[in-house]
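J.: Take a look at the following structure, please.
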Amino acid sequence: MAEVVRRVPTINDLRVKLCYICREEDRFDNPENPPRIWTHPCNCTLVAHETCLLQWIQSAQSDISRAVNALKCPQCGAIYELESDNPLPLRILNVGNKTLSILGRAVTFTGLSAVIVSFGTGIYCLSTAYGAFALNQFVGQEMYDLLLTHDISAWPWHAFLNLPLIPIALILSRVPLPAAVVPIVPVLLAWPTSTPIATRERILLEHWRSSSGVLGSDVATGPLISWPPSPAFFGLLLFPLVRAFYKSFLIRFTHWVLNTEPGRRPPVMRFILALNAPFLIQIGANIEPPPAARANGQQLANLNADENANRVVAAEDVIQVTGSSLGRLVGGALILPTISSIMGSFLFRLSQYSPLLRRFLAVRPSVVDIPPPLGPWSYSDNWNKLGPLRQVGVAARLVLSVAWRGTRTWTECDPVWWRNSIGLGIFVVAKDCLHLLHLWYTKRELETRRVKNKSFESVDIRELDLIEPAGV
Amino acid sequence: MASISSRRLQKELKEIKTEGCPVGITLLEAENFDKWLFSIEVMGESQYQGEAYTLMFRFPPMYPIESPAVQFVVDQTHQSPVHPHVYSNGHICASILGTDWSPVLSVVSVCVTLQSMLASCKKKERPPDNDQYVSRAPDNPKKTRFHYDDDTV
């Protein structure tokens with residue numbers, strides 16, 4: 001008896017075992033068949049099948065948020081102790097696995113940054129290559145060979161800034177942002193003012209060769225107002241002016257064609273250009289208060305218009321993401337230089353039949369006799385005779401002249417860029433007209449919509465409550 | 001497969017039928033081992049006096065290793081109680097239904113816990129993020145990872 005008292009009972013001494021997980025019972029006088037292993041893993045009275053408990057632990061451990069409770073008794077909070085066959089090889093393998101996963105994380109990190117860096121580099125190279133292509137298309141092969149050549153190592157430093165910016169500027173210019181970027185401006189400002197690669201050596205050579213010592217600078221001379229306009233004049237003044245004027249005209253014209261009220265929402269045009277036509281027209285049609293409302297009272301109409309304006313603003317947000325597809329936006333932007341080139345050569349071909357057009361486009365034979373850059377001062381004898389003050393003055397004139405008119409090479413060449421710009425302008429106008437036509441037709445289609453009225457042919461007439469019953 | 005959950009639920013159901021539910025809790029429907037419905041009412045003085053709510057249990061095949069999906073029924077005739085841990089779509093933010101679930105708990109004990117959660121409520125109000133949550137909540141509350149920031153439930 002004494003021995004029995006001292007002996008601490010175990011799981012096998014229970015009369016009835018109730019698994020706290022599956023709630024199955026096991027009575028000592030009627031054991032389960034086949035028998036399953038029971039376990040009492042904690043400090044309280046809960047017991048369980050070992051398989052049930054292991055299943056629970058495994059399930060709980062697999063979820064990070066539940067893992068803390070996996071080995072804890074839900075009643076007494078005791079921590080379950082797991083015993084397992086954990087030989088040295090397994091432990092080594094586990095350590096190795098852990099090390100590998102840390103290493104793996106490092107590899108993932110470096111790999112990812114490598115991908116980002118190389119992706120960025122790739123984008124940069126691609127943008128630069130595209131920029132070179134766009135420049136080639138825009139200024140023509142002759143000038144391209146002078147400005148850039150195919151030898152990348154000879155490119156001027158700003159080429160590596162300017163060229164990759166071209167596609168970005170092109171795409172940005174199509175996104176309806178208030179600060180629209182004019183893509184041509186950086187090109188027109190940077191290129192003409194820097195000495196073309198091909199001429200650099202020539203200048204030196206000429207300087208040494210000529211006995212009279214012509215000041216061999218690559219500077220063009222002539223009146224400040226010239227035709228075609230100098231690139232700086234065109235890029236800084238003419239182009240933005242024409243663009244702004246055209247835009248405001250287009251807005252007015254669109255309002256007139258579509259018969260909407262101008263002035264209330266100036267940004268309307270912004271998304272009109274970016275949108276898919278049918279959706280937009282719906283907005284446009286809504287904006288106009290119906291004639292009845294106008295008769296009832298202008299106040300009501302104003303209220304409606306305000307409401308509509310709000311709706312338009314809300315729609316604008318949505319549309320920018322969903323309405324125009326990205327591919328159309330990007331593709332449409334990147335094809336612009338090619339279009340301008342095609343339009344330019346088309347104009348060039350036309351100019352062969354019209355002297356007037358030829359003069360307007362300033363089509364030039366390839367070689368022109370250019371006078372010495374600074375008239376009489378171009379000769380070093382004269383130059384040396386000048387006092388230092390005059391020398392500074394002349395040098396300043398030189399710099400200004402380069403900034404304004406571009407280098408001699410630029411002026412000397414056939415101004416492909418000019419006819420391409422004109423061509424692009426014509427294309428843009430034609431495109432806008434086509435778009436407007438589409439808008440107008442769509443609007444008319446919407447306005448003339450009616451639901452088709454049908455007779456009661458297919459209905460039993462007796463079911464209808466008619467004013468004059470048919471049967472009578 | 002499903003035998004784990006159905007065998008245990010069979011036993012729980014038998015227990016409910018023989019011993020009955022605690023006061024205020026009534027079994028409404030237990031036709032299968034996938035979904036049970038209970039009516040739950042707070043006894044005594046509380047914010048929810050005289051109000052009865054319907055609680056729906058949905059059991060995964062691995063119940064009780066996996067926790068049941070528990071929520072208040074919300075439809076034309078049923079509302080969820082206005083409580084800081086109960087969303088208007090019936091979902092309940094209670095840790096015992098998520099990370100603190102344990103197989104030692106049962107359907108009845110979950111009912112009792114939720115009943116006392118309602119009983120201890122001081123002020124009837126929705127969770128602060130109710131609208132935001134309800135607008136994008138999954139059908140099954142178990143798919144939500146609740147953040148339990150209140151230890152009183």
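A note on labels: chains of the structure tokens are A, B, ... as shown, every chain counts residues from 1, and ligands are counted from 1 in their shown order.
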Could the residues of chain B within 10 Å of chain A, counting only C-alpha atoms, be given as a list in words, please?
T.: Ile4, Ser5, Ser6, Arg7, Arg8, Leu9, Gln10, Lys11, Glu12, Met62, Tyr63, Pro64, Ile65, Glu66, Gly98, Thr99, Asp100, Trp101, Ser102, Pro103, Val104, Leu105, Ser106 and Arg145 of chain B
J.: Neighbouring residues of Pro31 in chain A were defined as those with any atom within 12 Å, considering only C-alpha atoms; residues of the same chain fewer than 5 positions away were excluded. Please report them as a compact mmCIF listing (two decimals) with N, CA and C atoms, in the first residue's frame.
T.:
```txt
# COMPACT_ATOMS: atom_id res chain seq x y z
N ASN A 12 -1.12 6.23 -17.79
CA ASN A 12 -1.65 4.87 -17.92
C ASN A 12 -2.54 4.49 -16.75
N LEU A 14 -5.05 6.34 -15.64
CA LEU A 14 -6.37 6.98 -15.71
C LEU A 14 -7.44 5.97 -16.09
N ARG A 15 -8.57 6.12 -15.44
CA ARG A 15 -9.68 5.23 -15.74
C ARG A 15 -10.25 5.57 -17.12
N VAL A 16 -10.45 6.88 -17.35
CA VAL A 16 -10.96 7.32 -18.64
C VAL A 16 -10.02 8.39 -19.18
N LYS A 17 -9.57 8.19 -20.39
CA LYS A 17 -8.72 9.22 -21.01
C LYS A 17 -9.56 9.92 -22.08
N GLU A 24 -12.08 12.09 -28.25
CA GLU A 24 -12.36 10.66 -28.20
C GLU A 24 -12.00 10.15 -26.80
N GLU A 25 -12.74 9.15 -26.34
CA GLU A 25 -12.48 8.58 -25.01
C GLU A 25 -11.79 7.23 -25.12
N ASP A 26 -11.08 6.92 -24.10
CA ASP A 26 -10.45 5.60 -24.03
C ASP A 26 -10.62 5.09 -22.60
N ARG A 36 -3.93 3.59 -29.41
CA ARG A 36 -3.13 4.74 -29.83
C ARG A 36 -2.36 5.27 -28.62
N ILE A 37 -1.28 5.90 -28.88
CA ILE A 37 -0.43 6.38 -27.79
C ILE A 37 -1.05 7.63 -27.19
N TRP A 38 -1.12 7.67 -25.86
CA TRP A 38 -1.64 8.84 -25.14
C TRP A 38 -0.48 9.60 -24.54
```
J.: For Thr338 in chain A, please output as JSON, numbers by chain all residues within 10 Å (counting only C-alpha atoms; exclusion window: fewer than 6 positions along the same chain).
T.: {"A": [133, 134, 135, 136, 137, 138, 344, 420, 424]}
J.: Please indicate the distance in Å from CA of Cys111 in chain B to CA of Lys123 in chain B, rounded to one decimal place.
T.: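 Separating CA of Cys111 in chain B from CA of Lys123 in chain B is a distance of 20.8 Å.
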J.: If we count only C-alpha atoms and set the cut-off at 12 Å, which residues sit around Lys143 in chain B, ignoring sequence neighbours fewer than 2 positions away in its own chain? Please answer as a PyMOL selection string.
T.: chain B and resi 67-70+91+97-98+136-141+145-146
J.: I need the chosen residues saved as an mmCIF file, in the first residue's frame, with all heavy atoms.
T.:
```cif
data_model
loop_
_atom_site.group_PDB
_atom_site.id
_atom_site.type_symbol
_atom_site.label_atom_id
_atom_site.label_comp_id
_atom_site.auth_asym_id
_atom_site.auth_seq_id
_atom_site.Cartn_x
_atom_site.Cartn_y
_atom_site.Cartn_z
ATOM 1 N N SER B 67 -9.026 26.635 -36.548
ATOM 2 C CA SER B 67 -10.131 27.308 -35.858
ATOM 3 C C SER B 67 -11.350 27.387 -36.769
ATOM 4 O O SER B 67 -11.218 27.407 -37.992
ATOM 5 C CB SER B 67 -9.703 28.710 -35.447
ATOM 6 O OG SER B 67 -9.424 29.475 -36.593
ATOM 7 N N PRO B 68 -12.548 27.408 -36.181
ATOM 8 C CA PRO B 68 -13.739 27.614 -37.011
ATOM 9 C C PRO B 68 -13.829 29.081 -37.445
ATOM 10 O O PRO B 68 -13.245 29.948 -36.818
ATOM 11 C CB PRO B 68 -14.881 27.253 -36.060
ATOM 12 C CG PRO B 68 -14.359 27.561 -34.710
ATOM 13 C CD PRO B 68 -12.878 27.280 -34.756
ATOM 14 N N ALA B 69 -14.556 29.303 -38.540
ATOM 15 C CA ALA B 69 -14.818 30.693 -38.963
ATOM 16 C C ALA B 69 -16.111 31.130 -38.304
ATOM 17 O O ALA B 69 -17.171 30.550 -38.556
ATOM 18 C CB ALA B 69 -14.944 30.773 -40.475
ATOM 19 N N VAL B 70 -16.017 32.116 -37.438
ATOM 20 C CA VAL B 70 -17.183 32.529 -36.649
ATOM 21 C C VAL B 70 -17.529 33.986 -36.958
ATOM 22 O O VAL B 70 -16.639 34.840 -36.982
ATOM 23 C CB VAL B 70 -16.898 32.377 -35.134
ATOM 24 C CG1 VAL B 70 -18.159 32.678 -34.336
ATOM 25 C CG2 VAL B 70 -16.375 31.002 -34.825
ATOM 26 N N HIS B 91 -18.232 40.382 -38.990
ATOM 27 C CA HIS B 91 -16.912 39.838 -38.645
ATOM 28 C C HIS B 91 -16.512 40.274 -37.237
ATOM 29 O O HIS B 91 -16.817 41.387 -36.811
ATOM 30 C CB HIS B 91 -15.863 40.308 -39.651
ATOM 31 C CG HIS B 91 -16.010 39.654 -40.987
ATOM 32 N ND1 HIS B 91 -15.036 39.683 -41.947
ATOM 33 C CD2 HIS B 91 -17.026 38.943 -41.515
ATOM 34 C CE1 HIS B 91 -15.451 39.020 -43.008
ATOM 35 N NE2 HIS B 91 -16.654 38.573 -42.781
ATOM 36 N N LEU B 97 -10.387 33.431 -31.990
ATOM 37 C CA LEU B 97 -10.804 32.903 -33.292
ATOM 38 C C LEU B 97 -9.632 32.879 -34.267
ATOM 39 O O LEU B 97 -9.760 32.405 -35.388
ATOM 40 C CB LEU B 97 -11.937 33.746 -33.875
ATOM 41 C CG LEU B 97 -13.163 33.853 -32.984
ATOM 42 C CD1 LEU B 97 -14.181 34.800 -33.603
ATOM 43 C CD2 LEU B 97 -13.786 32.470 -32.783
ATOM 44 N N GLY B 98 -8.519 33.426 -33.853
ATOM 45 C CA GLY B 98 -7.364 33.487 -34.749
ATOM 46 C C GLY B 98 -6.139 32.886 -34.101
ATOM 47 O O GLY B 98 -6.057 31.670 -33.928
ATOM 48 N N ARG B 136 -13.688 46.253 -47.957
ATOM 49 C CA ARG B 136 -12.788 45.345 -48.667
ATOM 50 C C ARG B 136 -12.593 44.025 -47.941
ATOM 51 O O ARG B 136 -11.608 43.330 -48.158
ATOM 52 C CB ARG B 136 -11.442 46.039 -48.891
ATOM 53 C CG ARG B 136 -10.754 46.476 -47.616
ATOM 54 C CD ARG B 136 -9.523 47.268 -47.920
ATOM 55 N NE ARG B 136 -9.882 48.552 -48.515
ATOM 56 C CZ ARG B 136 -9.003 49.482 -48.816
ATOM 57 N NH1 ARG B 136 -7.741 49.274 -48.650
ATOM 58 N NH2 ARG B 136 -9.393 50.648 -49.324
ATOM 59 N N ALA B 137 -13.522 43.686 -47.032
ATOM 60 C CA ALA B 137 -13.357 42.477 -46.243
ATOM 61 C C ALA B 137 -13.629 41.242 -47.092
ATOM 62 O O ALA B 137 -14.499 41.248 -47.952
ATOM 63 C CB ALA B 137 -14.317 42.505 -45.051
ATOM 64 N N PRO B 138 -12.875 40.166 -46.855
ATOM 65 C CA PRO B 138 -13.177 38.914 -47.554
ATOM 66 C C PRO B 138 -14.445 38.299 -46.993
ATOM 67 O O PRO B 138 -14.891 38.672 -45.901
ATOM 68 C CB PRO B 138 -11.945 38.061 -47.253
ATOM 69 C CG PRO B 138 -11.412 38.589 -45.967
ATOM 70 C CD PRO B 138 -11.741 40.049 -45.940
ATOM 71 N N ASP B 139 -15.018 37.360 -47.744
ATOM 72 C CA ASP B 139 -16.252 36.714 -47.281
ATOM 73 C C ASP B 139 -15.987 35.951 -45.994
ATOM 74 O O ASP B 139 -16.770 35.986 -45.060
ATOM 75 C CB ASP B 139 -16.767 35.777 -48.381
ATOM 76 C CG ASP B 139 -17.888 34.911 -47.878
ATOM 77 O OD1 ASP B 139 -18.876 35.491 -47.380
ATOM 78 O OD2 ASP B 139 -17.789 33.668 -47.956
ATOM 79 N N ASN B 140 -14.867 35.261 -45.952
ATOM 80 C CA ASN B 140 -14.543 34.463 -44.786
ATOM 81 C C ASN B 140 -13.650 35.268 -43.844
ATOM 82 O O ASN B 140 -12.556 35.682 -44.224
ATOM 83 C CB ASN B 140 -13.812 33.197 -45.243
ATOM 84 C CG ASN B 140 -13.605 32.223 -44.102
ATOM 85 O OD1 ASN B 140 -13.539 32.610 -42.927
ATOM 86 N ND2 ASN B 140 -13.514 30.951 -44.440
ATOM 87 N N PRO B 141 -14.109 35.511 -42.590
ATOM 88 C CA PRO B 141 -13.299 36.329 -41.674
ATOM 89 C C PRO B 141 -11.946 35.704 -41.374
ATOM 90 O O PRO B 141 -11.031 36.388 -40.938
ATOM 91 C CB PRO B 141 -14.163 36.411 -40.414
ATOM 92 C CG PRO B 141 -15.134 35.291 -40.523
ATOM 93 C CD PRO B 141 -15.353 35.045 -41.972
ATOM 94 N N ARG B 145 -6.320 39.115 -41.425
ATOM 95 C CA ARG B 145 -5.362 39.068 -40.328
ATOM 96 C C ARG B 145 -5.675 40.225 -39.395
ATOM 97 O O ARG B 145 -5.281 41.352 -39.636
ATOM 98 C CB ARG B 145 -3.941 39.181 -40.863
ATOM 99 C CG ARG B 145 -3.422 37.897 -41.393
ATOM 100 C CD ARG B 145 -1.911 37.749 -41.155
ATOM 101 N NE ARG B 145 -1.472 36.433 -41.639
ATOM 102 C CZ ARG B 145 -1.471 35.348 -40.894
ATOM 103 N NH1 ARG B 145 -1.842 35.404 -39.639
ATOM 104 N NH2 ARG B 145 -1.070 34.199 -41.394
ATOM 105 N N PHE B 146 -6.425 39.928 -38.371
ATOM 106 C CA PHE B 146 -6.777 40.993 -37.439
ATOM 107 C C PHE B 146 -5.570 41.366 -36.593
ATOM 108 O O PHE B 146 -4.705 40.547 -36.317
ATOM 109 C CB PHE B 146 -7.912 40.539 -36.533
ATOM 110 C CG PHE B 146 -9.233 40.462 -37.212
ATOM 111 C CD1 PHE B 146 -9.811 39.242 -37.490
ATOM 112 C CD2 PHE B 146 -9.906 41.616 -37.579
ATOM 113 C CE1 PHE B 146 -11.039 39.164 -38.116
ATOM 114 C CE2 PHE B 146 -11.138 41.539 -38.200
ATOM 115 C CZ PHE B 146 -11.695 40.315 -38.467
#
```
J.: Quick one: residues within 10 Å of Lys35 in chain B, only C-alpha atoms, excluding same-chain residues fewer than 3 positions away - as a PyMOL selection string?
T.: chain B and resi 29-32+56-60+68-70
J.: Enumerate, as an MDAnalysis selection string, the complete set of residues in range 59-144 of chain B that a backbone-based DSSP assignment places in alpha helix (DSSP H).
T.: chainID B and resid 107:119 130:136
J.: Save the residues we just selected, all heavy atoms, as a compact mmCIF listing (two decimals), in the first residue's frame?
T.:
```txt
# COMPACT_ATOMS: atom_id res chain seq x y z
N VAL B 107 -17.20 24.74 -29.62
CA VAL B 107 -18.21 25.64 -30.14
C VAL B 107 -18.90 26.37 -29.00
O VAL B 107 -19.05 27.60 -29.03
CB VAL B 107 -19.23 24.84 -30.98
CG1 VAL B 107 -20.38 25.73 -31.39
CG2 VAL B 107 -18.56 24.22 -32.18
N VAL B 108 -19.26 25.63 -27.97
CA VAL B 108 -19.97 26.25 -26.85
C VAL B 108 -19.07 27.25 -26.12
O VAL B 108 -19.50 28.35 -25.76
CB VAL B 108 -20.51 25.16 -25.89
CG1 VAL B 108 -21.01 25.79 -24.60
CG2 VAL B 108 -21.61 24.37 -26.56
N SER B 109 -17.79 26.89 -25.95
CA SER B 109 -16.92 27.81 -25.22
C SER B 109 -16.68 29.09 -26.01
O SER B 109 -16.54 30.17 -25.43
CB SER B 109 -15.61 27.13 -24.85
OG SER B 109 -14.82 26.90 -26.00
N VAL B 110 -16.65 28.98 -27.34
CA VAL B 110 -16.53 30.19 -28.16
C VAL B 110 -17.78 31.06 -27.97
O VAL B 110 -17.69 32.27 -27.78
CB VAL B 110 -16.33 29.83 -29.65
CG1 VAL B 110 -16.52 31.06 -30.52
CG2 VAL B 110 -14.94 29.24 -29.87
N CYS B 111 -18.96 30.40 -27.98
CA CYS B 111 -20.21 31.15 -27.76
C CYS B 111 -20.17 31.88 -26.43
O CYS B 111 -20.53 33.07 -26.35
CB CYS B 111 -21.41 30.20 -27.77
SG CYS B 111 -21.83 29.59 -29.39
N VAL B 112 -19.72 31.18 -25.39
CA VAL B 112 -19.69 31.79 -24.06
C VAL B 112 -18.72 32.97 -24.04
O VAL B 112 -19.02 34.04 -23.48
CB VAL B 112 -19.30 30.73 -23.00
CG1 VAL B 112 -19.06 31.38 -21.66
CG2 VAL B 112 -20.39 29.68 -22.89
N THR B 113 -17.56 32.80 -24.68
CA THR B 113 -16.58 33.89 -24.70
C THR B 113 -17.16 35.12 -25.39
O THR B 113 -17.01 36.25 -24.91
CB THR B 113 -15.32 33.43 -25.45
OG1 THR B 113 -14.88 32.20 -24.90
CG2 THR B 113 -14.21 34.46 -25.33
N LEU B 114 -17.82 34.89 -26.55
CA LEU B 114 -18.37 36.02 -27.28
C LEU B 114 -19.52 36.67 -26.50
O LEU B 114 -19.70 37.89 -26.52
CB LEU B 114 -18.84 35.58 -28.66
CG LEU B 114 -17.70 35.13 -29.59
CD1 LEU B 114 -18.24 34.63 -30.91
CD2 LEU B 114 -16.70 36.26 -29.83
N GLN B 115 -20.28 35.83 -25.79
CA GLN B 115 -21.37 36.36 -24.97
C GLN B 115 -20.81 37.29 -23.89
O GLN B 115 -21.32 38.39 -23.67
CB GLN B 115 -22.10 35.18 -24.33
CG GLN B 115 -23.40 35.56 -23.66
CD GLN B 115 -24.02 34.38 -22.93
OE1 GLN B 115 -23.30 33.51 -22.42
NE2 GLN B 115 -25.34 34.33 -22.89
N SER B 116 -19.72 36.85 -23.27
CA SER B 116 -19.15 37.70 -22.21
C SER B 116 -18.46 38.92 -22.81
O SER B 116 -18.36 39.97 -22.17
CB SER B 116 -18.20 36.90 -21.33
OG SER B 116 -17.05 36.55 -22.05
N MET B 117 -17.98 38.78 -24.04
CA MET B 117 -17.40 39.94 -24.71
C MET B 117 -18.46 41.03 -24.87
O MET B 117 -18.21 42.21 -24.62
CB MET B 117 -16.85 39.53 -26.08
CG MET B 117 -16.25 40.66 -26.90
SD MET B 117 -15.81 40.15 -28.57
CE MET B 117 -17.35 40.48 -29.42
N LEU B 118 -19.68 40.61 -25.25
CA LEU B 118 -20.77 41.58 -25.38
C LEU B 118 -21.17 42.12 -24.01
O LEU B 118 -21.40 43.32 -23.85
CB LEU B 118 -21.98 40.92 -26.05
CG LEU B 118 -21.84 40.50 -27.51
CD1 LEU B 118 -23.14 39.91 -28.02
CD2 LEU B 118 -21.42 41.66 -28.39
N ALA B 119 -21.22 41.21 -23.04
CA ALA B 119 -21.70 41.61 -21.71
C ALA B 119 -20.81 42.67 -21.08
O ALA B 119 -21.28 43.55 -20.37
CB ALA B 119 -21.79 40.38 -20.81
N ASN B 130 -14.18 50.57 -39.15
CA ASN B 130 -15.27 49.74 -39.67
C ASN B 130 -15.51 49.91 -41.17
O ASN B 130 -15.47 48.95 -41.93
CB ASN B 130 -16.55 50.04 -38.89
CG ASN B 130 -17.70 49.16 -39.34
OD1 ASN B 130 -17.64 47.96 -39.18
ND2 ASN B 130 -18.72 49.76 -39.94
N ASP B 131 -15.74 51.16 -41.59
CA ASP B 131 -16.10 51.39 -43.00
C ASP B 131 -15.00 50.91 -43.93
O ASP B 131 -15.25 50.27 -44.95
CB ASP B 131 -16.36 52.88 -43.23
CG ASP B 131 -17.56 53.36 -42.43
OD1 ASP B 131 -18.32 52.47 -41.97
OD2 ASP B 131 -17.72 54.57 -42.25
N GLN B 132 -13.79 51.22 -43.53
CA GLN B 132 -12.64 50.85 -44.35
C GLN B 132 -12.53 49.33 -44.48
O GLN B 132 -12.33 48.79 -45.55
CB GLN B 132 -11.40 51.42 -43.67
CG GLN B 132 -10.17 51.45 -44.52
CD GLN B 132 -8.95 51.76 -43.67
OE1 GLN B 132 -9.07 52.19 -42.52
NE2 GLN B 132 -7.79 51.51 -44.20
N TYR B 133 -12.74 48.64 -43.34
CA TYR B 133 -12.61 47.19 -43.34
C TYR B 133 -13.75 46.54 -44.13
O TYR B 133 -13.52 45.68 -44.98
CB TYR B 133 -12.58 46.66 -41.92
CG TYR B 133 -12.63 45.15 -41.86
CD1 TYR B 133 -11.52 44.39 -42.19
CD2 TYR B 133 -13.80 44.49 -41.51
CE1 TYR B 133 -11.56 43.02 -42.17
CE2 TYR B 133 -13.86 43.10 -41.49
CZ TYR B 133 -12.74 42.37 -41.82
OH TYR B 133 -12.79 41.01 -41.81
N VAL B 134 -14.97 46.98 -43.85
CA VAL B 134 -16.13 46.34 -44.46
C VAL B 134 -16.10 46.47 -45.98
O VAL B 134 -16.48 45.55 -46.70
CB VAL B 134 -17.43 46.96 -43.88
CG1 VAL B 134 -18.64 46.50 -44.66
CG2 VAL B 134 -17.57 46.57 -42.42
N SER B 135 -15.56 47.59 -46.46
CA SER B 135 -15.59 47.79 -47.90
C SER B 135 -14.68 46.81 -48.63
O SER B 135 -14.86 46.56 -49.81
CB SER B 135 -15.17 49.22 -48.22
OG SER B 135 -13.83 49.43 -47.81
N ARG B 136 -13.69 46.25 -47.96
CA ARG B 136 -12.79 45.35 -48.67
C ARG B 136 -12.59 44.03 -47.94
O ARG B 136 -11.61 43.33 -48.16
CB ARG B 136 -11.44 46.04 -48.89
CG ARG B 136 -10.75 46.48 -47.62
CD ARG B 136 -9.52 47.27 -47.92
NE ARG B 136 -9.88 48.55 -48.52
CZ ARG B 136 -9.00 49.48 -48.82
NH1 ARG B 136 -7.74 49.27 -48.65
NH2 ARG B 136 -9.39 50.65 -49.32
```
